[in-house]
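For reference, the structure discussed in these notes is given below.
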Amino acid sequence: MYSSSPDRLCRKIAKIMERYNEIARDRDALRLRSGDGERRRKVSPMTPTSCFTKCRLHGRERDMRRVTELLLSDEASCSDVYSVVSIVGPAGVGKTSLAQHIFGDEAISSKFDIKMWVWVCQEFDALKLTRKLSEETTESPCDFADMNQMHRVITDRLKGKRFLLVLDDVWDESRDRWASLQVPLQCAARGSRIVVTTRSKKVAKMMALKMHQLGVPV
Ligand SMILES: Nc1ncnc2c1ncn2[C@@H]1O[C@H](COP(=O)(O)OP(=O)(O)OP(=O)(O)O)[C@@H](O)[C@H]1O
Ligand SMILES: [Mg+2]
């Protein structure tokens, strides 16, 4: 039976009003407007790709040399199929731009049989990333929704080949998730390389033994 006294109802209404005002204050602080709905998931038209404008990279000669060195250093003793070099630095400092120039460099490209570029971004979606990897290896759209089939496509294409893979804008800190993404890369030829760009030192250390810290260009 409902037996709320007027006093109790008043207190409840006051609490609801208090909460409402709190939410309204947060909305103002975050500058949200009435048209702002749920979190936008659309890929921005500014998604960075391996293509870049031919403009010069100002003040990055030393960084370019150093990353090239890390990338091409001979690792005869290394038994791994590939090694990973991470480029780490704050937002907007030029990590993607440097990776693009490395990716497009003819002397570097000539050392690899196949080149792939995957923009990873904040949300780690293993299926989506594997599909992108598959599309990069075959240079055609991937119709498979099944992980196993995608892995087969990637391994068929990479078998015995030296690849250069750029994973741009990595945020995810889970070692296990990264290990799962890298499974189909194991069939490639030794001497393959992965370049990771990230704002996070933790990610950079987790993914790569070789790290290049990017500061403001001089
Ligand atoms: N050395 C440079 N010379 C000229 N322009 C540069 C240089 N480095 C970066 N830029 C320009 O600065 C902007 C930001 O660079 P970029 O996207 O490479 O940064 P980022 O470090 O990858 O940022 P984020 O952390 O957001 O991914 C781009 O428009 C790029 O063209
Ligand atoms: Mg970037």
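Each chain in the structure tokens gets a letter, A, B, ..., in the order shown, and its residues are numbered from 1; ligands are numbered from 1 in order too.
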
Which residues are near ligand 2 - at most 9 Å, using only C-alpha atoms and all ligand atoms? Format: as a short mmCIF file (atom, residue, chain, number, x, y, z; two decimals) with all heavy atoms, in the first residue's frame.
data_model
loop_
_atom_site.label_atom_id
_atom_site.label_comp_id
_atom_site.auth_asym_id
_atom_site.auth_seq_id
_atom_site.Cartn_x
_atom_site.Cartn_y
_atom_site.Cartn_z
N PRO A 48 43.87 9.77 -40.75
CA PRO A 48 45.16 9.77 -41.43
C PRO A 48 45.41 8.47 -42.19
O PRO A 48 45.08 7.40 -41.70
CB PRO A 48 46.17 9.92 -40.29
CG PRO A 48 45.42 9.80 -39.03
CD PRO A 48 43.97 9.65 -39.31
N ALA A 91 50.21 14.91 -28.40
CA ALA A 91 49.24 15.15 -29.48
C ALA A 91 49.75 16.21 -30.45
O ALA A 91 50.23 17.26 -30.03
CB ALA A 91 47.92 15.60 -28.87
N GLY A 92 49.65 15.91 -31.74
CA GLY A 92 49.93 16.89 -32.77
C GLY A 92 51.39 17.19 -33.03
O GLY A 92 51.73 18.06 -33.82
N VAL A 93 52.30 16.47 -32.38
CA VAL A 93 53.72 16.79 -32.50
C VAL A 93 54.30 16.35 -33.86
O VAL A 93 55.35 16.83 -34.27
CB VAL A 93 54.51 16.17 -31.32
CG1 VAL A 93 54.78 14.69 -31.52
CG2 VAL A 93 55.79 16.92 -31.05
N GLY A 94 53.59 15.44 -34.54
CA GLY A 94 54.03 15.03 -35.88
C GLY A 94 54.37 13.55 -36.01
O GLY A 94 55.10 13.15 -36.92
N LYS A 95 53.82 12.71 -35.16
CA LYS A 95 54.12 11.26 -35.20
C LYS A 95 53.62 10.64 -36.50
O LYS A 95 54.35 9.93 -37.19
CB LYS A 95 53.46 10.54 -34.00
CG LYS A 95 53.86 11.09 -32.66
CD LYS A 95 53.13 10.41 -31.52
CE LYS A 95 51.65 10.69 -31.48
NZ LYS A 95 51.28 12.09 -31.15
N THR A 96 52.35 10.94 -36.83
CA THR A 96 51.78 10.37 -38.05
C THR A 96 52.53 10.88 -39.28
O THR A 96 52.84 10.12 -40.20
CB THR A 96 50.27 10.71 -38.14
OG1 THR A 96 49.62 10.15 -37.00
CG2 THR A 96 49.64 10.15 -39.40
N SER A 97 52.83 12.19 -39.28
CA SER A 97 53.53 12.77 -40.42
C SER A 97 54.88 12.08 -40.63
O SER A 97 55.27 11.76 -41.76
CB SER A 97 53.77 14.26 -40.21
OG SER A 97 52.56 14.89 -39.92
N ALA A 99 55.72 9.06 -39.64
CA ALA A 99 55.46 7.68 -40.11
C ALA A 99 55.08 7.68 -41.59
O ALA A 99 55.49 6.79 -42.35
CB ALA A 99 54.34 7.06 -39.27
N TRP A 119 45.10 2.49 -39.47
CA TRP A 119 44.82 3.52 -38.49
C TRP A 119 44.01 2.87 -37.36
O TRP A 119 42.91 2.37 -37.60
CB TRP A 119 44.03 4.67 -39.13
CG TRP A 119 43.73 5.78 -38.20
CD1 TRP A 119 44.64 6.57 -37.56
CD2 TRP A 119 42.44 6.23 -37.80
NE1 TRP A 119 44.00 7.50 -36.78
CE2 TRP A 119 42.64 7.31 -36.90
CE3 TRP A 119 41.14 5.86 -38.09
CZ2 TRP A 119 41.59 8.00 -36.31
CZ3 TRP A 119 40.09 6.54 -37.51
CH2 TRP A 119 40.32 7.61 -36.63
N CYS A 121 43.36 4.02 -33.84
CA CYS A 121 42.58 4.97 -33.02
C CYS A 121 42.16 4.39 -31.67
O CYS A 121 42.58 3.30 -31.29
CB CYS A 121 41.42 5.57 -33.78
SG CYS A 121 40.00 4.53 -33.93
N ASP A 168 48.97 3.14 -36.85
CA ASP A 168 48.95 4.56 -36.49
C ASP A 168 47.95 4.85 -35.38
O ASP A 168 46.81 4.38 -35.42
CB ASP A 168 48.58 5.38 -37.75
CG ASP A 168 48.65 6.87 -37.49
OD1 ASP A 168 49.51 7.30 -36.70
OD2 ASP A 168 47.83 7.60 -38.07
N ASP A 169 48.40 5.61 -34.39
CA ASP A 169 47.53 6.10 -33.32
C ASP A 169 46.99 4.96 -32.44
O ASP A 169 45.77 4.74 -32.38
CB ASP A 169 46.37 6.90 -33.94
CG ASP A 169 45.80 7.90 -32.95
OD1 ASP A 169 46.46 8.16 -31.92
OD2 ASP A 169 44.69 8.41 -33.20
N VAL A 170 47.89 4.30 -31.76
CA VAL A 170 47.52 3.17 -30.90
C VAL A 170 47.27 3.67 -29.47
O VAL A 170 48.08 4.43 -28.93
CB VAL A 170 48.63 2.10 -30.89
CG1 VAL A 170 48.28 0.96 -29.96
CG2 VAL A 170 48.85 1.56 -32.31
N THR A 197 52.68 4.34 -33.93
CA THR A 197 52.67 5.71 -33.41
C THR A 197 51.68 5.77 -32.26
O THR A 197 50.61 5.17 -32.32
CB THR A 197 52.29 6.78 -34.46
OG1 THR A 197 50.87 6.83 -34.61
CG2 THR A 197 52.94 6.54 -35.81
N THR A 198 52.06 6.43 -31.20
CA THR A 198 51.21 6.50 -30.02
C THR A 198 51.55 7.71 -29.16
O THR A 198 52.69 8.18 -29.17
CB THR A 198 51.34 5.21 -29.17
OG1 THR A 198 50.49 5.31 -28.03
CG2 THR A 198 52.76 4.94 -28.72
N ARG A 199 50.56 8.19 -28.42
CA ARG A 199 50.82 9.26 -27.46
C ARG A 199 51.28 8.67 -26.13
O ARG A 199 51.80 9.39 -25.28
CB ARG A 199 49.53 10.06 -27.20
CG ARG A 199 49.07 10.84 -28.39
CD ARG A 199 47.81 11.60 -28.04
NE ARG A 199 47.17 12.11 -29.24
CZ ARG A 199 46.03 12.76 -29.24
NH1 ARG A 199 45.39 12.97 -28.11
NH2 ARG A 199 45.50 13.20 -30.37
#

When you look at Leu71 (chain A) with a cut-off of 7 Å (counting only C-alpha atoms), what residues show up, excluding the ones that are within fewer than 4 positions of it in the same chain? I need them as a VMD selection string.
chain A and resid 67 85 193

Could you list, as a PyMOL selection string, every residue within 9 Å of Leu98 (chain A), counting only C-alpha atoms and ignoring same-chain residues fewer than 4 positions away?
chain A and resi 57+60+63-64+87+94+102-103

When DSSP is applied to the backbone of this structure, which of chain A are assigned strand (DSSP E)? Write them out as a VMD selection string.
chain A and resid 82 to 88 114 to 121 163 to 170 192 to 198 210 to 213

As a count of residues only, please: all residues of region 55-197 of chain A that backbone DSSP puts in alpha helix (DSSP H).
59

For region 151-156 of chain A, list every protein, DNA or RNA residue within 12 Å, evaluated using only C-alpha atoms, and leave out those in the same chain fewer than 4 positions away; present the list as a short mmCIF file (atom, residue, chain, number, x, y, z; two decimals) with all heavy atoms, in the first residue's frame.
data_model
loop_
_atom_site.label_atom_id
_atom_site.label_comp_id
_atom_site.auth_asym_id
_atom_site.auth_seq_id
_atom_site.Cartn_x
_atom_site.Cartn_y
_atom_site.Cartn_z
N ILE A 114 55.99 -5.95 -49.09
CA ILE A 114 54.61 -5.50 -48.97
C ILE A 114 54.50 -4.47 -47.85
O ILE A 114 55.16 -4.62 -46.81
CB ILE A 114 53.69 -6.73 -48.75
CG1 ILE A 114 52.23 -6.33 -48.72
CG2 ILE A 114 54.02 -7.52 -47.51
CD1 ILE A 114 51.31 -7.54 -48.92
N MET A 116 51.81 -2.05 -45.42
CA MET A 116 50.42 -1.92 -44.96
C MET A 116 50.33 -0.77 -43.97
O MET A 116 51.24 -0.54 -43.19
CB MET A 116 49.98 -3.21 -44.24
CG MET A 116 50.09 -4.44 -45.10
SD MET A 116 49.99 -5.93 -44.09
CE MET A 116 51.60 -6.06 -43.41
N ALA A 126 38.95 -5.82 -32.60
CA ALA A 126 39.82 -6.82 -33.23
C ALA A 126 39.33 -7.21 -34.62
O ALA A 126 40.13 -7.35 -35.56
CB ALA A 126 39.92 -8.05 -32.33
N LEU A 127 38.02 -7.38 -34.76
CA LEU A 127 37.47 -7.81 -36.04
C LEU A 127 37.69 -6.74 -37.12
O LEU A 127 38.12 -7.04 -38.23
CB LEU A 127 35.97 -8.09 -35.86
CG LEU A 127 35.35 -9.15 -36.76
CD1 LEU A 127 36.03 -10.50 -36.57
CD2 LEU A 127 33.85 -9.28 -36.47
N LEU A 129 39.93 -4.32 -37.09
CA LEU A 129 41.35 -4.13 -37.38
C LEU A 129 41.90 -5.26 -38.24
O LEU A 129 42.71 -5.05 -39.14
CB LEU A 129 42.15 -4.03 -36.08
CG LEU A 129 41.90 -2.77 -35.25
CD1 LEU A 129 42.64 -2.85 -33.92
CD2 LEU A 129 42.34 -1.53 -36.01
N THR A 130 41.42 -6.49 -37.97
CA THR A 130 41.89 -7.62 -38.78
C THR A 130 41.37 -7.50 -40.21
O THR A 130 42.08 -7.80 -41.17
CB THR A 130 41.42 -8.96 -38.15
OG1 THR A 130 41.83 -8.97 -36.79
CG2 THR A 130 42.00 -10.16 -38.86
N ARG A 131 40.14 -7.00 -40.34
CA ARG A 131 39.60 -6.79 -41.69
C ARG A 131 40.44 -5.76 -42.44
O ARG A 131 40.78 -5.93 -43.60
CB ARG A 131 38.14 -6.34 -41.62
CG ARG A 131 37.57 -6.06 -43.01
CD ARG A 131 36.08 -5.78 -43.03
NE ARG A 131 35.34 -6.93 -42.58
CZ ARG A 131 34.53 -6.96 -41.52
NH1 ARG A 131 34.37 -5.86 -40.81
NH2 ARG A 131 33.89 -8.04 -41.19
N LYS A 132 40.79 -4.71 -41.75
CA LYS A 132 41.61 -3.65 -42.38
C LYS A 132 42.96 -4.22 -42.79
O LYS A 132 43.46 -3.92 -43.89
CB LYS A 132 41.78 -2.49 -41.39
CG LYS A 132 42.48 -1.30 -41.94
CD LYS A 132 41.56 -0.52 -42.87
CE LYS A 132 42.25 0.68 -43.49
NZ LYS A 132 43.05 0.37 -44.67
N LEU A 133 43.52 -5.03 -41.92
CA LEU A 133 44.81 -5.66 -42.21
C LEU A 133 44.69 -6.54 -43.46
O LEU A 133 45.54 -6.53 -44.34
CB LEU A 133 45.20 -6.51 -41.00
CG LEU A 133 46.66 -6.83 -40.77
CD1 LEU A 133 47.50 -5.57 -40.75
CD2 LEU A 133 46.82 -7.57 -39.43
N SER A 134 43.60 -7.29 -43.52
CA SER A 134 43.35 -8.16 -44.66
C SER A 134 43.23 -7.33 -45.94
O SER A 134 43.79 -7.67 -46.99
CB SER A 134 42.07 -8.96 -44.40
OG SER A 134 41.59 -9.50 -45.58
N GLU A 135 42.51 -6.21 -45.84
CA GLU A 135 42.33 -5.36 -47.03
C GLU A 135 43.65 -4.73 -47.47
O GLU A 135 43.89 -4.55 -48.66
CB GLU A 135 41.28 -4.28 -46.73
CG GLU A 135 39.90 -4.88 -46.60
CD GLU A 135 38.81 -3.86 -46.23
OE1 GLU A 135 39.14 -2.77 -45.74
OE2 GLU A 135 37.64 -4.20 -46.43
N GLU A 136 44.48 -4.41 -46.50
CA GLU A 136 45.78 -3.84 -46.84
C GLU A 136 46.68 -4.86 -47.53
O GLU A 136 47.42 -4.54 -48.44
CB GLU A 136 46.48 -3.33 -45.58
CG GLU A 136 45.92 -2.05 -45.05
CD GLU A 136 46.26 -0.84 -45.91
OE1 GLU A 136 47.44 -0.52 -46.05
OE2 GLU A 136 45.33 -0.22 -46.46
N THR A 137 46.60 -6.11 -47.09
CA THR A 137 47.47 -7.13 -47.69
C THR A 137 47.02 -7.48 -49.11
O THR A 137 47.84 -7.72 -49.98
CB THR A 137 47.52 -8.44 -46.87
OG1 THR A 137 46.20 -8.94 -46.76
CG2 THR A 137 48.11 -8.23 -45.51
N THR A 138 45.70 -7.51 -49.33
CA THR A 138 45.20 -7.91 -50.65
C THR A 138 44.93 -6.72 -51.56
O THR A 138 44.70 -6.89 -52.76
CB THR A 138 43.88 -8.70 -50.52
OG1 THR A 138 42.93 -7.86 -49.85
CG2 THR A 138 44.06 -9.98 -49.73
N GLU A 139 44.91 -5.54 -50.99
CA GLU A 139 44.56 -4.31 -51.71
C GLU A 139 43.18 -4.40 -52.33
O GLU A 139 42.94 -3.94 -53.45
CB GLU A 139 45.61 -4.00 -52.78
CG GLU A 139 46.95 -3.63 -52.18
CD GLU A 139 47.99 -3.30 -53.23
OE1 GLU A 139 47.61 -2.86 -54.32
OE2 GLU A 139 49.17 -3.50 -52.94
N SER A 140 42.28 -5.09 -51.66
CA SER A 140 40.89 -5.15 -52.12
C SER A 140 39.97 -5.32 -50.92
O SER A 140 40.41 -5.77 -49.85
CB SER A 140 40.71 -6.31 -53.10
OG SER A 140 41.07 -7.51 -52.47
N PRO A 141 38.66 -4.98 -51.10
CA PRO A 141 37.75 -5.07 -49.95
C PRO A 141 37.63 -6.49 -49.44
O PRO A 141 37.72 -7.45 -50.21
CB PRO A 141 36.41 -4.59 -50.51
CG PRO A 141 36.71 -3.93 -51.80
CD PRO A 141 37.99 -4.50 -52.31
N CYS A 142 37.41 -6.62 -48.13
CA CYS A 142 37.30 -7.95 -47.53
C CYS A 142 35.83 -8.21 -47.19
O CYS A 142 35.22 -7.43 -46.47
CB CYS A 142 38.16 -7.99 -46.26
SG CYS A 142 37.87 -9.43 -45.25
N ASP A 143 35.28 -9.28 -47.74
CA ASP A 143 33.85 -9.58 -47.50
C ASP A 143 33.64 -10.52 -46.33
O ASP A 143 32.51 -10.81 -45.96
CB ASP A 143 33.22 -10.21 -48.76
CG ASP A 143 33.26 -9.26 -49.92
OD1 ASP A 143 33.14 -8.05 -49.67
OD2 ASP A 143 33.47 -9.70 -51.07
N PHE A 144 34.71 -11.06 -45.77
CA PHE A 144 34.55 -12.03 -44.69
C PHE A 144 34.18 -11.35 -43.38
O PHE A 144 34.68 -10.28 -43.07
CB PHE A 144 35.84 -12.82 -44.47
CG PHE A 144 36.24 -13.64 -45.65
CD1 PHE A 144 37.50 -13.52 -46.19
CD2 PHE A 144 35.35 -14.56 -46.21
CE1 PHE A 144 37.88 -14.28 -47.29
CE2 PHE A 144 35.73 -15.32 -47.30
CZ PHE A 144 36.99 -15.18 -47.85
N ALA A 145 33.30 -12.04 -42.60
CA ALA A 145 32.97 -11.53 -41.28
C ALA A 145 33.61 -12.42 -40.23
O ALA A 145 33.51 -12.18 -39.04
CB ALA A 145 31.46 -11.51 -41.09
N ASP A 146 34.26 -13.47 -40.69
CA ASP A 146 34.80 -14.49 -39.79
C ASP A 146 36.31 -14.31 -39.62
O ASP A 146 37.06 -14.18 -40.59
CB ASP A 146 34.48 -15.86 -40.41
CG ASP A 146 35.08 -16.96 -39.60
OD1 ASP A 146 34.61 -17.17 -38.48
OD2 ASP A 146 36.05 -17.60 -40.07
N MET A 147 36.74 -14.31 -38.37
CA MET A 147 38.14 -14.06 -38.05
C MET A 147 39.05 -15.11 -38.69
O MET A 147 40.12 -14.78 -39.21
CB MET A 147 38.27 -14.09 -36.53
CG MET A 147 39.54 -13.57 -36.02
SD MET A 147 39.72 -11.81 -36.32
CE MET A 147 39.75 -11.19 -34.68
N GLY A 160 56.15 -15.86 -46.36
CA GLY A 160 57.48 -15.71 -46.97
C GLY A 160 57.82 -14.30 -47.42
O GLY A 160 58.84 -14.09 -48.06
N LYS A 161 56.98 -13.33 -47.10
CA LYS A 161 57.27 -11.96 -47.56
C LYS A 161 57.69 -11.08 -46.39
O LYS A 161 57.24 -11.26 -45.26
CB LYS A 161 56.03 -11.35 -48.21
CG LYS A 161 55.63 -12.07 -49.49
CD LYS A 161 54.75 -11.16 -50.33
CE LYS A 161 54.46 -11.81 -51.68
NZ LYS A 161 53.07 -12.27 -51.80
N PHE A 163 57.31 -7.70 -44.62
CA PHE A 163 56.32 -6.61 -44.65
C PHE A 163 56.78 -5.43 -43.80
O PHE A 163 57.57 -5.56 -42.87
CB PHE A 163 54.96 -7.11 -44.17
CG PHE A 163 54.89 -7.45 -42.70
CD1 PHE A 163 54.78 -6.46 -41.73
CD2 PHE A 163 54.93 -8.78 -42.28
CE1 PHE A 163 54.72 -6.78 -40.37
CE2 PHE A 163 54.87 -9.10 -40.92
CZ PHE A 163 54.77 -8.09 -39.97
N SER A 180 46.73 -10.99 -30.07
CA SER A 180 45.73 -11.63 -30.93
C SER A 180 45.74 -11.00 -32.33
O SER A 180 45.58 -11.68 -33.33
CB SER A 180 44.33 -11.55 -30.32
OG SER A 180 43.85 -10.24 -30.41
N LEU A 181 45.97 -9.71 -32.39
CA LEU A 181 45.99 -9.05 -33.71
C LEU A 181 47.21 -9.47 -34.52
O LEU A 181 47.19 -9.52 -35.75
CB LEU A 181 46.00 -7.52 -33.52
CG LEU A 181 45.84 -6.72 -34.80
CD1 LEU A 181 44.41 -6.82 -35.32
CD2 LEU A 181 46.23 -5.28 -34.61
N GLN A 182 48.28 -9.79 -33.81
CA GLN A 182 49.53 -10.09 -34.51
C GLN A 182 49.68 -11.56 -34.93
O GLN A 182 50.64 -11.91 -35.60
CB GLN A 182 50.70 -9.66 -33.63
CG GLN A 182 50.75 -8.13 -33.49
CD GLN A 182 51.74 -7.65 -32.46
OE1 GLN A 182 52.68 -8.35 -32.11
NE2 GLN A 182 51.56 -6.45 -31.97
N VAL A 183 48.71 -12.38 -34.56
CA VAL A 183 48.80 -13.82 -34.87
C VAL A 183 49.10 -14.10 -36.36
O VAL A 183 50.04 -14.81 -36.69
CB VAL A 183 47.51 -14.56 -34.42
CG1 VAL A 183 47.42 -15.95 -35.01
CG2 VAL A 183 47.48 -14.64 -32.90
N PRO A 184 48.32 -13.52 -37.30
CA PRO A 184 48.56 -13.87 -38.70
C PRO A 184 49.84 -13.29 -39.29
O PRO A 184 50.20 -13.62 -40.43
CB PRO A 184 47.32 -13.32 -39.42
CG PRO A 184 46.84 -12.22 -38.56
CD PRO A 184 47.18 -12.60 -37.16
N LEU A 185 50.53 -12.45 -38.52
CA LEU A 185 51.76 -11.85 -39.07
C LEU A 185 52.96 -12.78 -38.93
O LEU A 185 54.00 -12.55 -39.54
CB LEU A 185 52.06 -10.53 -38.34
CG LEU A 185 50.94 -9.48 -38.34
CD1 LEU A 185 51.35 -8.27 -37.51
CD2 LEU A 185 50.61 -9.05 -39.76
N GLN A 186 52.78 -13.83 -38.12
CA GLN A 186 53.91 -14.71 -37.80
C GLN A 186 54.43 -15.51 -39.00
O GLN A 186 55.53 -16.03 -38.97
CB GLN A 186 53.51 -15.70 -36.69
CG GLN A 186 52.99 -15.06 -35.43
CD GLN A 186 54.07 -14.25 -34.70
OE1 GLN A 186 55.26 -14.45 -34.92
NE2 GLN A 186 53.64 -13.33 -33.85
N CYS A 187 53.61 -15.59 -40.05
CA CYS A 187 54.02 -16.43 -41.19
C CYS A 187 54.91 -15.66 -42.18
O CYS A 187 55.41 -16.22 -43.13
CB CYS A 187 52.79 -16.93 -41.92
SG CYS A 187 51.92 -15.55 -42.63
N ALA A 188 55.10 -14.37 -41.92
CA ALA A 188 55.88 -13.56 -42.87
C ALA A 188 57.37 -13.91 -42.77
O ALA A 188 57.78 -14.72 -41.93
CB ALA A 188 55.66 -12.09 -42.56
N ALA A 189 58.16 -13.26 -43.64
CA ALA A 189 59.60 -13.54 -43.63
C ALA A 189 60.29 -12.73 -42.54
O ALA A 189 59.83 -11.64 -42.18
CB ALA A 189 60.19 -13.18 -44.98
#

Between A:Met207, A:Val88, A:Leu167, A:Val118, single out the one closest to ligand 1, counting only C-alpha atoms and all ligand atoms.
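That would be A:Val88, the residue with the smallest distance to ligand 1.
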